[in-house]
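Below is the file data12.txt, which contains compact mmCIF, C-alpha atoms.
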```txt
# COMPACT_ATOMS: atom_id res chain seq x y z
CA MET E 1042 -22.08 5.34 15.28
CA GLU E 1043 -20.58 8.13 13.17
CA LYS E 1044 -21.29 7.76 9.45
CA LYS E 1045 -18.34 7.34 7.08
CA ILE E 1046 -19.11 10.58 5.27
CA ASP E 1047 -19.22 12.54 8.53
CA ARG E 1048 -15.99 10.96 9.73
CA GLY E 1049 -14.32 11.83 6.43
CA LYS E 1050 -15.56 15.42 6.53
CA ARG E 1051 -14.33 15.81 10.08
CA PHE E 1052 -10.89 14.49 9.14
CA VAL E 1053 -10.38 16.89 6.22
CA GLN E 1054 -11.65 19.80 8.31
CA GLU E 1055 -9.12 19.02 11.04
CA GLN E 1056 -6.26 18.01 8.74
CA ALA E 1057 -6.73 20.29 5.71
CA GLN E 1058 -3.11 21.44 6.05
CA LEU E 1059 -1.95 17.98 4.94
CA PHE E 1060 -3.40 18.45 1.46
CA ARG E 1061 -2.70 20.55 -1.62
CA CYS E 1062 -4.75 20.94 -4.76
CA PRO E 1063 -3.66 18.44 -7.45
CA LEU E 1064 -4.91 20.81 -10.16
CA CYS E 1065 -3.13 24.08 -9.29
CA HIS E 1066 -0.92 22.99 -6.35
CA SER E 1067 -2.29 25.68 -4.05
CA ALA E 1068 -3.18 25.22 -0.39
CA MET E 1069 -6.46 23.62 0.62
CA ALA E 1070 -8.95 24.57 3.29
CA GLY E 1071 -11.87 22.68 4.77
CA SER E 1072 -15.27 23.41 3.26
CA THR E 1073 -18.80 22.23 3.97
CA GLY E 1074 -18.45 19.19 1.71
CA GLY E 1075 -14.72 18.52 1.89
CA LEU E 1076 -11.78 20.59 0.61
CA THR E 1077 -11.52 23.73 -1.53
CA CYS E 1078 -8.35 25.44 -2.75
CA GLU E 1079 -7.77 29.20 -3.09
CA ASN E 1080 -8.58 28.91 -6.81
CA GLN E 1081 -11.95 27.36 -5.95
CA HIS E 1082 -11.16 23.82 -7.06
CA ARG E 1083 -13.45 21.70 -4.91
CA PHE E 1084 -13.16 18.10 -3.74
CA ASP E 1085 -16.17 16.70 -1.87
CA VAL E 1086 -16.06 13.77 0.52
CA SER E 1087 -17.97 10.78 -0.88
CA LYS E 1088 -20.64 8.81 0.96
CA LYS E 1089 -17.88 6.28 1.69
CA GLY E 1090 -15.92 9.03 3.49
CA THR E 1091 -13.21 9.29 0.82
CA LEU E 1092 -11.84 11.93 -1.55
CA PHE E 1093 -11.34 11.37 -5.28
CA PHE E 1094 -8.36 13.42 -6.54
CA LEU E 1095 -8.08 12.04 -10.08
CA SER E 1096 -9.23 14.03 -13.11
CA HIS E 1097 -10.86 10.85 -14.42
CA GLN E 1098 -11.47 7.32 -13.23
CA VAL E 1099 -8.69 4.82 -13.94
CA LYS E 1100 -9.39 1.17 -14.76
CA THR E 1101 -7.00 -1.30 -13.16
CA ASP E 1102 -6.70 -5.09 -13.25
CA TYR E 1103 -7.00 -5.27 -9.48
CA ASP E 1104 -10.61 -6.27 -8.79
CA ARG E 1105 -12.59 -6.76 -5.62
CA GLU E 1106 -12.03 -10.52 -5.60
CA MET E 1107 -8.26 -10.10 -5.64
CA PHE E 1108 -8.36 -7.40 -2.97
CA ALA E 1109 -10.62 -9.57 -0.81
CA ALA E 1110 -8.32 -12.59 -1.09
CA ARG E 1111 -5.31 -10.41 -0.28
CA ARG E 1112 -7.08 -8.95 2.75
CA ARG E 1113 -7.87 -12.41 4.11
CA MET E 1114 -4.26 -13.52 3.66
CA ILE E 1115 -2.83 -10.40 5.31
CA GLN E 1116 -5.26 -10.68 8.21
CA SER E 1117 -4.40 -14.38 8.63
CA GLY E 1118 -0.92 -13.36 9.80
CA MET E 1119 1.05 -13.89 6.61
CA TYR E 1120 2.93 -10.62 7.07
CA ARG E 1121 3.03 -10.40 10.87
CA PRO E 1122 6.86 -10.33 11.12
CA LEU E 1123 6.97 -7.47 8.60
CA LEU E 1124 4.29 -5.51 10.43
CA GLU E 1125 6.11 -5.96 13.73
CA ARG E 1126 9.27 -4.56 12.16
CA LEU E 1127 7.40 -1.63 10.64
CA ALA E 1128 5.78 -0.87 13.99
CA GLU E 1129 9.25 -0.61 15.53
CA ALA E 1130 10.34 1.83 12.81
CA VAL E 1131 7.29 4.13 12.78
CA PRO E 1132 7.39 6.93 15.39
CA GLU E 1133 4.46 7.29 17.77
CA ASN E 1134 1.93 10.07 17.16
CA GLY E 1135 3.36 11.03 13.80
CA THR E 1136 1.75 11.69 10.44
CA LEU E 1137 1.69 8.60 8.25
CA LEU E 1138 1.00 8.08 4.54
CA ASP E 1139 0.50 4.65 2.93
CA VAL E 1140 1.27 4.82 -0.80
CA GLY E 1141 -0.65 2.28 -2.89
CA CYS E 1142 -2.68 1.17 0.12
CA GLY E 1143 -4.90 -1.25 -1.81
CA GLU E 1144 -7.72 -2.44 0.45
CA GLY E 1145 -6.01 -1.00 3.52
CA SER E 1146 -5.01 -4.03 5.59
CA PHE E 1147 -1.32 -3.15 6.01
CA LEU E 1148 -2.05 0.34 7.30
CA ASP E 1149 -4.94 -0.88 9.44
CA LEU E 1150 -2.89 -3.58 11.16
CA LEU E 1151 0.00 -1.17 11.65
CA LEU E 1152 -2.32 1.38 13.31
CA ALA E 1153 -3.40 -1.36 15.71
CA GLN E 1154 0.20 -1.29 17.01
CA VAL E 1155 1.23 2.37 16.58
CA SER E 1156 -0.69 5.52 17.49
CA SER E 1157 -0.86 8.22 14.84
CA GLN E 1158 -1.64 11.93 14.77
CA ALA E 1159 -3.04 11.43 11.26
CA ALA E 1160 -2.93 8.45 8.92
CA ILE E 1161 -3.84 8.49 5.23
CA GLY E 1162 -3.87 5.69 2.69
CA PHE E 1163 -4.29 6.24 -1.03
CA ASP E 1164 -4.47 4.12 -4.13
CA ILE E 1165 -5.28 4.63 -7.79
CA SER E 1166 -7.92 1.88 -7.51
CA LYS E 1167 -11.29 3.23 -6.41
CA GLU E 1168 -12.40 -0.33 -5.62
CA GLY E 1169 -9.49 -0.84 -3.25
CA VAL E 1170 -10.03 2.50 -1.49
CA TYR E 1171 -13.73 1.82 -1.02
CA MET E 1172 -12.85 -1.53 0.57
CA ALA E 1173 -10.31 0.23 2.80
CA THR E 1174 -13.12 2.26 4.37
CA GLU E 1175 -14.33 -1.00 5.94
CA GLN E 1176 -11.16 -1.20 8.07
CA PRO E 1177 -11.69 -0.55 11.80
CA GLN E 1178 -8.68 1.63 12.63
CA PRO E 1179 -8.95 5.45 12.26
CA ALA E 1180 -7.43 6.30 8.89
CA PHE E 1181 -8.51 8.47 5.97
CA TRP E 1182 -8.61 6.97 2.48
CA CYS E 1183 -8.47 8.65 -0.93
CA VAL E 1184 -8.03 7.94 -4.63
CA ALA E 1185 -4.96 9.71 -5.98
CA ASP E 1186 -2.17 9.61 -8.55
CA LEU E 1187 1.38 8.77 -7.53
CA THR E 1188 2.79 11.20 -10.10
CA ASN E 1189 0.89 14.17 -8.66
CA LEU E 1190 0.31 13.67 -4.96
CA PRO E 1191 -2.47 15.82 -3.44
CA PHE E 1192 -0.45 16.44 -0.29
CA ALA E 1193 1.31 19.54 0.99
CA GLN E 1194 5.05 19.98 1.31
CA GLU E 1195 6.86 18.67 4.41
CA ARG E 1196 3.81 17.30 6.21
CA PHE E 1197 4.51 13.61 6.84
CA ASP E 1198 6.79 11.87 9.30
CA THR E 1199 6.64 8.50 7.51
CA VAL E 1200 5.79 7.33 4.01
CA LEU E 1201 5.01 3.63 3.65
CA ASN E 1202 5.62 2.12 0.21
CA ILE E 1203 4.69 -1.58 0.41
CA PHE E 1204 4.71 -3.62 -2.82
CA SER E 1205 3.82 -0.53 -4.85
CA PRO E 1206 5.50 1.85 -7.33
CA SER E 1207 7.52 4.82 -6.09
CA ASN E 1208 7.94 8.49 -6.87
CA TYR E 1209 10.96 9.45 -4.79
CA ARG E 1210 10.88 13.13 -5.74
CA GLU E 1211 7.28 13.44 -4.60
CA PHE E 1212 8.05 11.48 -1.44
CA ALA E 1213 10.87 13.90 -0.66
CA ARG E 1214 8.54 16.86 -1.19
CA ILE E 1215 5.80 15.72 1.17
CA LEU E 1216 8.06 14.28 3.90
CA LYS E 1217 9.29 16.48 6.72
CA PRO E 1218 13.07 17.14 6.60
CA GLU E 1219 13.51 14.61 9.41
CA GLY E 1220 10.93 12.23 7.92
CA GLN E 1221 11.54 8.73 6.58
CA LEU E 1222 10.57 6.42 3.75
CA LEU E 1223 9.92 2.75 4.50
CA LYS E 1224 9.82 0.76 1.28
CA VAL E 1225 9.09 -2.97 1.11
CA VAL E 1226 9.91 -5.01 -2.00
CA PRO E 1227 9.72 -8.75 -2.63
CA GLY E 1228 12.92 -10.76 -2.36
CA PRO E 1229 13.97 -13.37 -4.95
CA ARG E 1230 12.32 -16.21 -3.01
CA TYR E 1231 9.02 -14.42 -2.39
CA LEU E 1232 6.11 -16.82 -3.05
CA GLN E 1233 8.53 -19.19 -4.77
CA GLU E 1234 6.32 -22.24 -4.20
CA LEU E 1235 3.39 -20.47 -5.84
CA ARG E 1236 5.48 -19.41 -8.84
CA GLN E 1237 6.66 -22.97 -9.33
CA ALA E 1238 3.15 -24.37 -8.95
CA PHE E 1239 1.62 -21.87 -11.37
CA TYR E 1240 4.35 -22.18 -14.01
CA PRO E 1241 6.02 -25.60 -13.68
CA ASP E 1242 7.35 -25.51 -17.24
CA ASP E 1243 8.45 -21.87 -17.42
CA VAL E 1244 11.74 -21.27 -15.59
CA ASN E 1245 11.66 -17.54 -16.30
CA LYS E 1246 8.30 -17.07 -14.58
CA GLN E 1247 9.49 -19.14 -11.65
CA GLN E 1248 12.18 -16.54 -10.96
CA TYR E 1249 12.04 -12.97 -9.72
CA SER E 1250 14.71 -10.30 -9.32
CA ASN E 1251 14.24 -7.08 -7.36
CA GLU E 1252 17.52 -5.64 -8.62
CA PRO E 1253 15.99 -2.95 -10.91
CA VAL E 1254 13.70 -1.71 -8.12
CA VAL E 1255 16.48 -1.69 -5.53
CA ALA E 1256 18.87 0.06 -7.94
CA LYS E 1257 16.39 2.88 -8.50
CA PHE E 1258 16.00 3.28 -4.74
CA THR E 1259 19.75 3.31 -4.03
CA GLU E 1260 20.31 5.88 -6.78
CA SER E 1261 17.92 8.25 -5.00
CA TYR E 1262 19.49 8.31 -1.51
CA ARG E 1263 23.00 8.99 -0.24
CA THR E 1264 22.57 6.65 2.70
CA PHE E 1265 19.97 4.05 3.59
CA GLU E 1266 19.40 0.90 5.60
CA LYS E 1267 18.22 -2.44 4.32
CA GLU E 1268 16.97 -5.51 6.13
CA GLU E 1269 16.01 -8.93 4.79
CA ILE E 1270 12.92 -10.48 6.35
CA THR E 1271 12.50 -14.11 5.32
CA TYR E 1272 10.37 -16.85 6.82
CA GLU E 1273 8.04 -19.70 5.95
CA PHE E 1274 4.33 -19.19 6.55
CA GLU E 1275 2.05 -22.11 7.34
CA ILE E 1276 -1.14 -21.28 5.49
CA PRO E 1277 -4.35 -21.84 7.47
CA THR E 1278 -6.50 -24.47 5.78
CA GLU E 1279 -9.35 -22.03 5.19
CA ARG E 1280 -7.00 -19.57 3.45
CA ARG E 1281 -5.21 -21.89 1.02
CA LEU E 1282 -7.44 -21.04 -1.94
CA ASP E 1283 -7.00 -17.32 -1.21
CA LEU E 1284 -3.29 -17.69 -1.90
CA LEU E 1285 -4.13 -18.57 -5.49
CA GLU E 1286 -6.14 -15.35 -5.97
CA MET E 1287 -4.20 -12.74 -4.02
CA SER E 1288 -1.58 -11.60 -6.53
CA PRO E 1289 -1.03 -10.79 -10.23
CA LEU E 1290 0.91 -14.06 -10.48
CA GLU E 1291 -2.35 -15.84 -11.29
CA TRP E 1292 -3.30 -13.64 -14.24
CA GLY E 1293 -1.47 -15.71 -16.87
CA VAL E 1294 -1.99 -19.16 -15.36
CA ASP E 1295 -3.49 -21.95 -17.45
CA PRO E 1296 -7.06 -22.45 -16.14
CA ALA E 1297 -6.56 -26.21 -16.00
CA ARG E 1298 -3.44 -25.74 -13.92
CA LYS E 1299 -5.24 -23.44 -11.52
CA ALA E 1300 -8.17 -25.86 -11.22
CA ALA E 1301 -5.75 -28.64 -10.28
CA LEU E 1302 -4.15 -26.46 -7.61
CA LYS E 1303 -7.54 -25.74 -6.09
CA LYS E 1304 -7.97 -29.46 -5.52
CA GLN E 1305 -4.55 -29.77 -3.90
CA PRO E 1306 -3.50 -26.28 -2.70
CA LEU E 1307 -0.21 -25.34 -1.09
CA ASN E 1308 0.01 -25.55 2.69
CA LYS E 1309 3.07 -23.34 3.16
CA ILE E 1310 4.68 -20.41 1.38
CA THR E 1311 7.99 -18.54 1.55
CA VAL E 1312 7.75 -14.85 2.45
CA ASP E 1313 10.99 -13.21 1.39
CA LEU E 1314 11.05 -9.43 1.76
CA LEU E 1315 13.51 -6.55 1.68
CA LEU E 1316 12.81 -3.56 3.90
CA LEU E 1317 14.52 -0.37 2.72
CA LYS E 1318 14.65 2.63 5.03
CA ALA E 1319 15.87 6.09 4.05
CA GLU E 1320 15.87 9.40 5.90
CA ASN E 1321 14.47 12.25 3.83
CA SER E 1322 17.61 14.27 4.49
CA ALA E 1323 19.53 11.68 2.45
CA PHE E 1324 17.51 12.26 -0.74
CA LEU E 1325 19.73 13.26 -3.66
```
Go ahead and render the structure in this file as structure tokens.
Amino acid sequence: MEKKIDRGKRFVQEQAQLFRCPLCHSAMAGSTGGLTCENQHRFDVSKKGTLFFLSHQVKTDYDREMFAARRRMIQSGMYRPLLERLAEAVPENGTLLDVGCGEGSFLDLLLAQVSSQAAIGFDISKEGVYMATEQPQPAFWCVADLTNLPFAQERFDTVLNIFSPSNYREFARILKPEGQLLKVVPGPRYLQELRQAFYPDDVNKQQYSNEPVVAKFTESYRTFEKEEITYEFEIPTERRLDLLEMSPLEWGVDPARKAALKKQPLNKITVDLLLLKAENSAFL
């Protein structure tokens, strides 16, 4: 079996044209260890088969335990209707970038349904990216900054932006003129049972509005499509404790409250999502 580092080196050798140097913004070429730009800035593939494009390591609140719980929930089928819809929207044999990929399950499950010429996932969390290298589908993973993407102009057919921040100007730069952005944001009823269980006495924390996020999106594109995807997911018994650990919702929960929920966990959850689709030609 090919080692991760060798697979990563092979990918960047074959797909060097997808990248640009995050330091000087010049073109990149494959080198013995990874990528080198014309100004001799060098980025070597790690033993995990990844590239680290940040100038320094960034500490995030997303730890391995949260990523692991999220992975188990995604792989249990919690987002299957969303993934089926994304698979219909993503063109076959295109170039695909997953922004804020986390531990890689969304991109991995999508690649199980759609063939890709090249697929890359990146996140600012090194822990998440390292976990993503465990995914079985052929994708390349890297640690990068949303504000300064290490990707060349007009190279991608599709940018996926699932539950993560956006940089619409950078998306427009790296997408092909005929490319598309697929952005997924929570709807107002997303995980409503969990919000109510975590914060029974705090009405404000029980509620969520995606209006600011949607407004920023709609201000960036002349035309776009939107689709609501809402359903109730029956949580497998063995995954019910994972629900409590999979999202930032649990960060401020009273430990006693969380302990009580572990004894009597939820058995169903509302998945309420908004899929926003914009052609790159519609970027303002």
In the coordinates of the file, take the point (9.4, -8.0, 4.0) and a cut-off of 10 Å; then, counting all atoms listed in the file, name each qualifying protein, DNA or RNA residue as a PDB file with C-alpha atoms, in the frame of the given file.
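Result saved to point11.pdb:
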```pdb
ATOM      1  CA  TYR E1120       2.930 -10.620   7.070  1.00  0.00           C
ATOM      2  CA  ARG E1121       3.030 -10.400  10.870  1.00  0.00           C
ATOM      3  CA  PRO E1122       6.860 -10.330  11.120  1.00  0.00           C
ATOM      4  CA  LEU E1123       6.970  -7.470   8.600  1.00  0.00           C
ATOM      5  CA  LEU E1124       4.290  -5.510  10.430  1.00  0.00           C
ATOM      6  CA  ARG E1126       9.270  -4.560  12.160  1.00  0.00           C
ATOM      7  CA  LEU E1127       7.400  -1.630  10.640  1.00  0.00           C
ATOM      8  CA  ILE E1203       4.690  -1.580   0.410  1.00  0.00           C
ATOM      9  CA  PHE E1204       4.710  -3.620  -2.820  1.00  0.00           C
ATOM     10  CA  LYS E1224       9.820   0.760   1.280  1.00  0.00           C
ATOM     11  CA  VAL E1225       9.090  -2.970   1.110  1.00  0.00           C
ATOM     12  CA  VAL E1226       9.910  -5.010  -2.000  1.00  0.00           C
ATOM     13  CA  PRO E1227       9.720  -8.750  -2.630  1.00  0.00           C
ATOM     14  CA  GLY E1228      12.920 -10.760  -2.360  1.00  0.00           C
ATOM     15  CA  TYR E1231       9.020 -14.420  -2.390  1.00  0.00           C
ATOM     16  CA  GLU E1268      16.970  -5.510   6.130  1.00  0.00           C
ATOM     17  CA  GLU E1269      16.010  -8.930   4.790  1.00  0.00           C
ATOM     18  CA  ILE E1270      12.920 -10.480   6.350  1.00  0.00           C
ATOM     19  CA  THR E1271      12.500 -14.110   5.320  1.00  0.00           C
ATOM     20  CA  TYR E1272      10.370 -16.850   6.820  1.00  0.00           C
ATOM     21  CA  VAL E1312       7.750 -14.850   2.450  1.00  0.00           C
ATOM     22  CA  ASP E1313      10.990 -13.210   1.390  1.00  0.00           C
ATOM     23  CA  LEU E1314      11.050  -9.430   1.760  1.00  0.00           C
ATOM     24  CA  LEU E1315      13.510  -6.550   1.680  1.00  0.00           C
ATOM     25  CA  LEU E1316      12.810  -3.560   3.900  1.00  0.00           C
ATOM     26  CA  LEU E1317      14.520  -0.370   2.720  1.00  0.00           C
TER      27      LEU E1317
END
```
I want to know what sits within 12 Å of Glu1043 in chain E, based on all atoms listed in the file, with residues of the same chain fewer than 3 positions away left out; could you give that as a PyMOL selection string? chain E and resi 1046-1051+1089-1090+1179
Contacts of range 1142-1237 of chain E with range 1078-1087 of chain E up to 12 Å, shortest pair per row, all atoms listed in the file, as a Markdown table:
```
| residue | atom | partner | partner_atom | distance |
| --- | --- | --- | --- | --- |
| E:Lys1167 | CA | E:Ser1087 | CA | 11.5 |
| E:Val1170 | CA | E:Ser1087 | CA | 11.5 |
| E:Tyr1171 | CA | E:Ser1087 | CA | 9.9 |
| E:Thr1174 | CA | E:Ser1087 | CA | 11.1 |
| E:Phe1181 | CA | E:Val1086 | CA | 10.7 |
| E:Trp1182 | CA | E:Val1086 | CA | 10.3 |
| E:Cys1183 | CA | E:Val1086 | CA | 9.3 |
| E:Val1184 | CA | E:Ser1087 | CA | 11.0 |
| E:Ala1185 | CA | E:Phe1084 | CA | 11.9 |
| E:Pro1191 | CA | E:Phe1084 | CA | 10.9 |
| E:Ala1193 | CA | E:Cys1078 | CA | 11.9 |
```
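Using only C-alpha atoms, the smallest distance between any of E:Asp1139, E:Glu1219, E:Asp1243, E:Glu1275 and Gly1118 in chain E comes from E:Glu1275.
The coordinates place CA of Pro1218 in chain E at 5.8 Å from CA of Ser1322 in chain E.
Residue nearest Val1140 in chain E within the list E:Leu1223, E:Ala1159, E:Met1107, E:Leu1201: E:Leu1201 [criterion: smallest interatomic distance, only C-alpha atoms].
Here CA of Glu1279 in chain E stands at a distance of 28.6 Å from CA of Ala1180 in chain E.
If all atoms listed in the file are the atoms counted, then among E:Tyr1209, E:Phe1163, E:Phe1192, E:Phe1274 the closest residue to Asn1308 in chain E is E:Phe1274.
Shortest atom-to-atom contact with Ser1156 in chain E among E:Gln1054, E:Asn1134, E:Gln1116, E:Ser1205: E:Asn1134, counting all atoms listed in the file.
Minimum atom-to-atom distances from E:Glu1133, E:Asp1164, E:Glu1144, E:Asp1186 to Ser1096 in chain E were compared using only C-alpha atoms, and the lowest value belongs to E:Asp1186.
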Box in all listed atoms of range 1154-1163 of chain E, axis-aligned, with 5 Å more on each side; write out centre and edge lengths in Å to one decimal as JSON.
```
{"center_x": -1.5, "center_y": 5.3, "center_z": 8.2, "size_x": 15.5, "size_y": 23.2, "size_z": 28.5}
```
Near-range 1291-1296 of chain E list (9 Å; all atoms listed in the file; drop same-chain fewer than 4 positions) as a ChimeraX atom specification: /E:1236,1239-1240,1285-1287,1300-1301
Quick one: pull the distance between CA of Arg1263 in chain E and CA of Asp1198 in chain E, Å, one decimal. 19.0 Å
Using all atoms listed in the file, which residue out of E:Arg1111, E:Arg1214, E:Arg1280, E:Lys1309 lies closest to Asn1189 in chain E? E:Arg1214
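Excluding Leu1235 in chain E itself and any same-chain residue fewer than 6 positions from it, the protein and nucleic acid residues within 10 Å of it, counting only C-alpha atoms, are Pro1241, Gln1247, Leu1284, Leu1285, Leu1290, Glu1291, Leu1302, Pro1306, Leu1307, Lys1309, Ile1310 and Thr1311 of chain E.
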Go ahead and dump the residues you just picked, C-alpha atoms, as a short mmCIF file (atom, residue, chain, number, x, y, z; two decimals), in the coordinates of the input.
```
data_model
loop_
_atom_site.label_atom_id
_atom_site.label_comp_id
_atom_site.auth_asym_id
_atom_site.auth_seq_id
_atom_site.Cartn_x
_atom_site.Cartn_y
_atom_site.Cartn_z
CA PRO E 1241 6.02 -25.60 -13.68
CA GLN E 1247 9.49 -19.14 -11.65
CA LEU E 1284 -3.29 -17.69 -1.90
CA LEU E 1285 -4.13 -18.57 -5.49
CA LEU E 1290 0.91 -14.06 -10.48
CA GLU E 1291 -2.35 -15.84 -11.29
CA LEU E 1302 -4.15 -26.46 -7.61
CA PRO E 1306 -3.50 -26.28 -2.70
CA LEU E 1307 -0.21 -25.34 -1.09
CA LYS E 1309 3.07 -23.34 3.16
CA ILE E 1310 4.68 -20.41 1.38
CA THR E 1311 7.99 -18.54 1.55
#
```
If we count only C-alpha atoms and set the cut-off at 6 Å, which residues sit around range 1056-1062 of chain E, ignoring sequence neighbours fewer than 3 positions away in its own chain? Please answer as a list in words. Phe1052, Val1053, Cys1065, His1066, Ser1067, Ala1068, Met1069, Ala1070, Gly1071, Pro1191, Phe1192, Ala1193 and Arg1196 of chain E
